[in-house]
$ cat model31.cif   # mmCIF, C-alpha atoms
data_work
loop_
_atom_site.label_atom_id
_atom_site.label_comp_id
_atom_site.auth_asym_id
_atom_site.auth_seq_id
_atom_site.Cartn_x
_atom_site.Cartn_y
_atom_site.Cartn_z
CA TYR A 103 4.14 25.80 -27.08
CA PHE A 104 1.94 23.65 -24.79
CA GLU A 105 -1.66 24.33 -23.93
CA PRO A 106 -2.43 24.89 -20.21
CA LYS A 107 -4.69 21.81 -20.33
CA PHE A 108 -1.63 19.72 -21.24
CA PHE A 109 0.08 20.74 -17.97
CA GLU A 110 -3.08 20.12 -15.97
CA LYS A 111 -3.27 16.62 -17.44
CA VAL A 112 0.38 15.93 -16.61
CA GLN A 113 -0.08 17.20 -13.04
CA LYS A 114 -3.13 14.95 -12.55
CA GLU A 115 -1.17 11.95 -13.84
CA ILE A 116 1.72 12.69 -11.49
CA ARG A 117 -0.61 13.11 -8.51
CA ALA A 118 -2.29 9.81 -9.35
CA GLU A 119 1.06 7.99 -9.28
CA ILE A 120 2.55 9.62 -6.17
CA ASP A 121 1.18 9.02 -2.72
CA LEU A 122 2.09 12.27 -0.97
CA MET A 123 1.56 10.60 2.40
CA ASP A 124 4.12 7.91 1.56
CA ILE A 125 7.28 9.80 2.39
CA ALA A 126 10.44 8.50 3.99
CA GLN A 127 10.38 11.13 6.74
CA LYS A 128 6.94 10.04 7.89
CA LYS A 129 7.84 6.36 7.79
CA LEU A 130 11.01 6.92 9.82
CA CYS A 131 9.29 9.15 12.36
CA MET A 132 6.45 6.67 12.87
CA ALA A 133 8.90 3.76 13.10
CA LEU A 134 10.87 5.56 15.80
CA TRP A 135 7.68 6.50 17.67
CA LYS A 136 6.46 2.88 17.59
CA PHE A 137 9.88 1.33 18.30
CA SER A 138 9.54 -0.83 21.40
CA LYS A 139 12.99 -0.26 22.86
CA PRO A 140 14.16 2.96 24.53
CA VAL A 141 16.15 5.26 22.25
CA ILE A 142 18.82 7.54 23.71
CA ALA A 143 20.25 10.53 21.84
CA ALA A 144 23.48 12.30 22.76
CA ILE A 145 23.98 15.74 21.20
CA ASN A 146 27.57 16.89 21.26
CA GLY A 147 27.65 19.73 18.77
CA LEU A 148 25.46 21.82 16.54
CA ALA A 149 22.00 20.26 16.09
CA ILE A 150 19.90 21.98 13.45
CA GLY A 151 17.04 20.73 11.34
CA GLY A 152 16.70 16.97 11.44
CA ALA A 153 19.55 16.74 13.95
CA ILE A 154 17.18 18.07 16.59
CA THR A 155 13.73 17.33 15.19
CA MET A 156 14.53 13.61 14.80
CA PRO A 157 15.65 13.20 18.44
CA LEU A 158 12.62 15.17 19.66
CA SER A 159 10.32 12.77 17.82
CA GLY A 160 12.28 9.57 18.15
CA ALA A 161 14.38 9.60 21.30
CA ASP A 162 13.08 8.70 24.72
CA LEU A 163 15.98 10.37 26.49
CA ILE A 164 18.15 13.20 25.16
CA TYR A 165 21.45 14.19 26.73
CA MET A 166 23.44 17.18 25.56
CA ALA A 167 27.02 18.42 25.90
CA GLU A 168 27.29 21.76 27.69
CA ASP A 169 28.77 23.57 24.68
CA ALA A 170 26.34 22.06 22.16
CA TRP A 171 23.41 24.04 20.85
CA LEU A 172 20.19 23.71 18.89
CA GLY A 173 18.86 25.66 15.94
CA PHE A 174 15.28 25.66 14.70
CA TYR A 175 16.15 27.71 11.62
CA PHE A 176 13.14 26.77 9.54
CA SER A 177 11.66 30.27 9.32
CA LYS A 178 15.04 31.59 8.18
CA ARG A 179 14.84 29.11 5.28
CA ALA A 180 11.16 29.89 4.62
CA ILE A 181 10.10 26.31 5.36
CA ILE A 182 8.04 24.68 8.08
CA PRO A 183 9.63 22.44 10.70
CA GLU A 184 9.85 18.78 9.71
CA PHE A 185 9.71 15.46 11.48
CA SER A 186 6.54 16.22 13.43
CA SER A 187 8.19 19.02 15.39
CA THR A 188 5.10 21.19 14.83
CA PHE A 189 3.44 18.71 17.20
CA MET A 190 6.36 17.76 19.43
CA LEU A 191 7.64 21.26 20.16
CA PRO A 192 4.32 22.65 21.52
CA PHE A 193 3.82 19.38 23.39
CA LEU A 194 7.21 19.71 25.09
CA VAL A 195 7.58 23.45 25.69
CA GLY A 196 4.07 24.87 25.40
CA PHE A 197 2.25 26.50 22.55
CA GLN A 198 3.49 30.09 22.93
CA LYS A 199 7.13 29.16 23.48
CA ALA A 200 7.04 26.76 20.51
CA LYS A 201 5.78 29.51 18.23
CA GLU A 202 8.50 31.86 19.46
CA ILE A 203 11.18 29.21 18.82
CA CYS A 204 9.86 28.43 15.33
CA TYR A 205 9.05 31.99 14.26
CA PHE A 206 12.39 33.53 15.25
CA GLY A 207 14.76 30.59 14.87
CA ASP A 208 17.19 31.79 17.53
CA LYS A 209 20.09 29.66 18.72
CA ILE A 210 19.25 27.59 21.82
CA THR A 211 22.10 26.78 24.19
CA ALA A 212 22.30 23.44 25.98
CA GLN A 213 21.32 25.05 29.27
CA LYS A 214 18.33 26.78 27.67
CA ALA A 215 17.30 23.48 26.01
CA TYR A 216 17.38 21.85 29.45
CA GLU A 217 15.35 24.67 31.01
CA LEU A 218 12.77 24.37 28.22
CA GLY A 219 12.46 20.63 28.78
CA LEU A 220 13.88 19.69 25.37
CA VAL A 221 16.68 17.58 26.86
CA ASN A 222 16.98 15.45 29.99
CA LYS A 223 20.45 16.45 31.11
CA VAL A 224 23.39 18.66 30.16
CA LEU A 225 26.86 17.29 30.79
CA PRO A 226 30.50 18.27 30.27
CA ASN A 227 31.63 17.15 26.80
CA GLU A 228 33.89 14.37 28.03
CA GLU A 229 31.12 12.92 30.21
CA LEU A 230 28.33 12.92 27.60
CA ILE A 231 28.91 9.62 25.79
CA PRO A 232 29.95 7.63 28.91
CA TYR A 233 26.85 8.92 30.71
CA ALA A 234 24.53 8.06 27.80
CA ARG A 235 26.08 4.58 27.64
CA GLU A 236 25.67 4.13 31.40
CA GLN A 237 22.00 5.13 31.18
CA ALA A 238 21.45 2.71 28.29
CA LEU A 239 22.91 -0.14 30.33
CA ARG A 240 20.49 0.67 33.14
CA LEU A 241 17.57 0.06 30.77
CA ILE A 242 18.53 -3.40 29.55
CA PRO A 243 18.74 -6.73 31.37
CA PRO A 244 20.10 -7.63 33.79
CA LYS A 245 19.79 -4.12 35.31
CA GLY A 246 16.67 -2.92 33.52
CA PRO A 247 13.18 -4.41 33.66
CA TYR A 248 12.93 -4.66 29.88
CA LEU A 249 9.31 -5.83 29.61
CA SER A 250 7.90 -3.13 31.88
CA ILE A 251 9.93 -0.42 30.11
CA LYS A 252 8.68 -1.68 26.75
CA LEU A 253 5.07 -1.59 27.98
CA MET A 254 5.53 1.85 29.57
CA LYS A 255 6.78 3.27 26.29
CA LYS A 256 4.00 1.60 24.30
CA THR A 257 1.35 2.94 26.68
CA MET A 258 2.77 6.47 26.76
CA HIS A 259 3.06 6.65 22.96
CA ALA A 260 -0.21 4.90 22.00
CA TYR A 261 -2.51 7.89 22.43
CA PHE A 262 -0.37 10.11 20.21
CA ILE A 263 0.12 7.76 17.25
CA ASP A 264 -2.88 9.08 15.28
CA ILE A 265 -2.03 12.69 16.13
CA LEU A 266 1.55 12.20 14.98
CA ASP A 267 0.38 10.44 11.83
CA ARG A 268 -1.93 13.35 10.90
CA THR A 269 0.72 15.93 11.76
CA LEU A 270 3.22 14.25 9.44
CA ASP A 271 0.64 14.26 6.62
#
$ encode --input "model31.cif" --output "structure tokens"
Amino acid sequence: YFEPKFFEKVQKEIRAEIDLMDIAQKKLCMALWKFSKPVIAAINGLAIGGAITMPLSGADLIYMAEDAWLGFYFSKRAIIPEFSSTFMLPFLVGFQKAKEICYFGDKITAQKAYELGLVNKVLPNEELIPYAREQALRLIPPKGPYLSIKLMKKTMHAYFIDILDRTLD
């Protein structure tokens, strides 16, 4: 039998050793947000959990196959959305729509994702990867003005770095 004070002492010791803000998810999300090169995501199947929240936070352009779909099933698992999607989703689709998506966790088709502004383009399955590759080549030299794209991304992301950092905490 252990006294309750024993458990309190152990919990305090654990908290002193663990930095709760030092989590891999936060580090990865912030690294993607600060990454200087454009990131392109191609979704060609079921994207649930991190498979959609990571692209929303880390990808500059998201392309999706027409038969792919998204699932924000966090409420069905009794957890909150990860990877800063509690910030990114309202930012992208609006506050009310984001709450509806998170609260109900309904399946989102590719076409609906496009209409909501979650993805840049929906393509037939066989065209998805070639199109994403073609877009990537347009962003790098000799076709793409690399320095101006890098500075555009840095400028667009700079204001939100502190907000994203706090959201991830």
$ closest_residue --input "model31.cif" --among "A:Pro247, A:Pro232, A:Gly160, A:Pro192" --to "Trp135 of chain A" --atoms "all atoms listed in the file"
A:Gly160
$ residues_around --input "model31.cif" --residues "segment 138-142 of chain A" --least-positions-apart "2" --cutoff "9 Å" --atoms "only C-alpha atoms" --output "list in words"
Leu134, Trp135, Lys136, Ala144, Pro157, Gly160, Ala161, Asp162, Leu163, Ile164, Tyr165, Ala234, Arg235, Gln237, Ala238, Leu241, Tyr248, Ile251, Lys252, Leu253, Lys255 and Lys256 of chain A
$ residues_around --input "model31.cif" --residues "Asp169 of chain A" --least-positions-apart "4" --cutoff "9 Å" --atoms "all atoms listed in the file" --output "list in words"
Asn146, Gly147, Leu148, Thr211, Ala212, Gln213, Leu225, Pro226 and Asn227 of chain A
$ resolve_selection --input "model31.cif" --expression "the PyMOL selection byres ((chain A and resi 266) around 9)" --output "ChimeraX atom specification"
/A:131-132,135,186,189-190,262-265,267-271
$ closest_residue --input "model31.cif" --among "A:Glu115, A:Glu217, A:Asp208, A:Glu228" --to "Ser177 of chain A" --atoms "only C-alpha atoms"
A:Asp208
$ closest_residue --input "model31.cif" --among "A:Thr155, A:Leu220, A:Leu172, A:Ala215" --to "Thr188 of chain A" --atoms "all atoms listed in the file"
A:Thr155
$ closest_residue --input "model31.cif" --among "A:Tyr261, A:Tyr233, A:Phe206, A:Phe185" --to "Lys129 of chain A" --atoms "all atoms listed in the file"
A:Phe185
$ atom_distance --input "model31.cif" --atom1 "atom CA of Tyr216 of chain A" --atom2 "atom CA of Thr257 of chain A"
24.9 Å
$ closest_residue --input "model31.cif" --among "A:Ala133, A:Ile210, A:Ile145, A:Ala126" --to "Met166 of chain A" --atoms "only C-alpha atoms"
A:Ile145
$ atom_distance --input "model31.cif" --atom1 "atom CA of Ala260 of chain A" --atom2 "atom CA of Ala200 of chain A"
23.1 Å
$ atom_distance --input "model31.cif" --atom1 "atom CA of Lys128 of chain A" --atom2 "atom CA of Lys199 of chain A"
24.7 Å
$ closest_residue --input "model31.cif" --among "A:Pro106, A:Gly207, A:Arg240, A:Ala167" --to "Ile150 of chain A" --atoms "all atoms listed in the file"
A:Gly207
$ residues_around --input "model31.cif" --residues "Leu218 of chain A" --least-positions-apart "3" --cutoff "8 Å" --atoms "all atoms listed in the file" --output "CSV table (one decimal) with C-alpha atoms, in the frame of the given file"
chain,number,residue,atom,x,y,z
A,194,LEU,CA,7.2,19.7,25.1
A,195,VAL,CA,7.6,23.4,25.7
A,214,LYS,CA,18.3,26.8,27.7
A,215,ALA,CA,17.3,23.5,26.0
A,221,VAL,CA,16.7,17.6,26.9
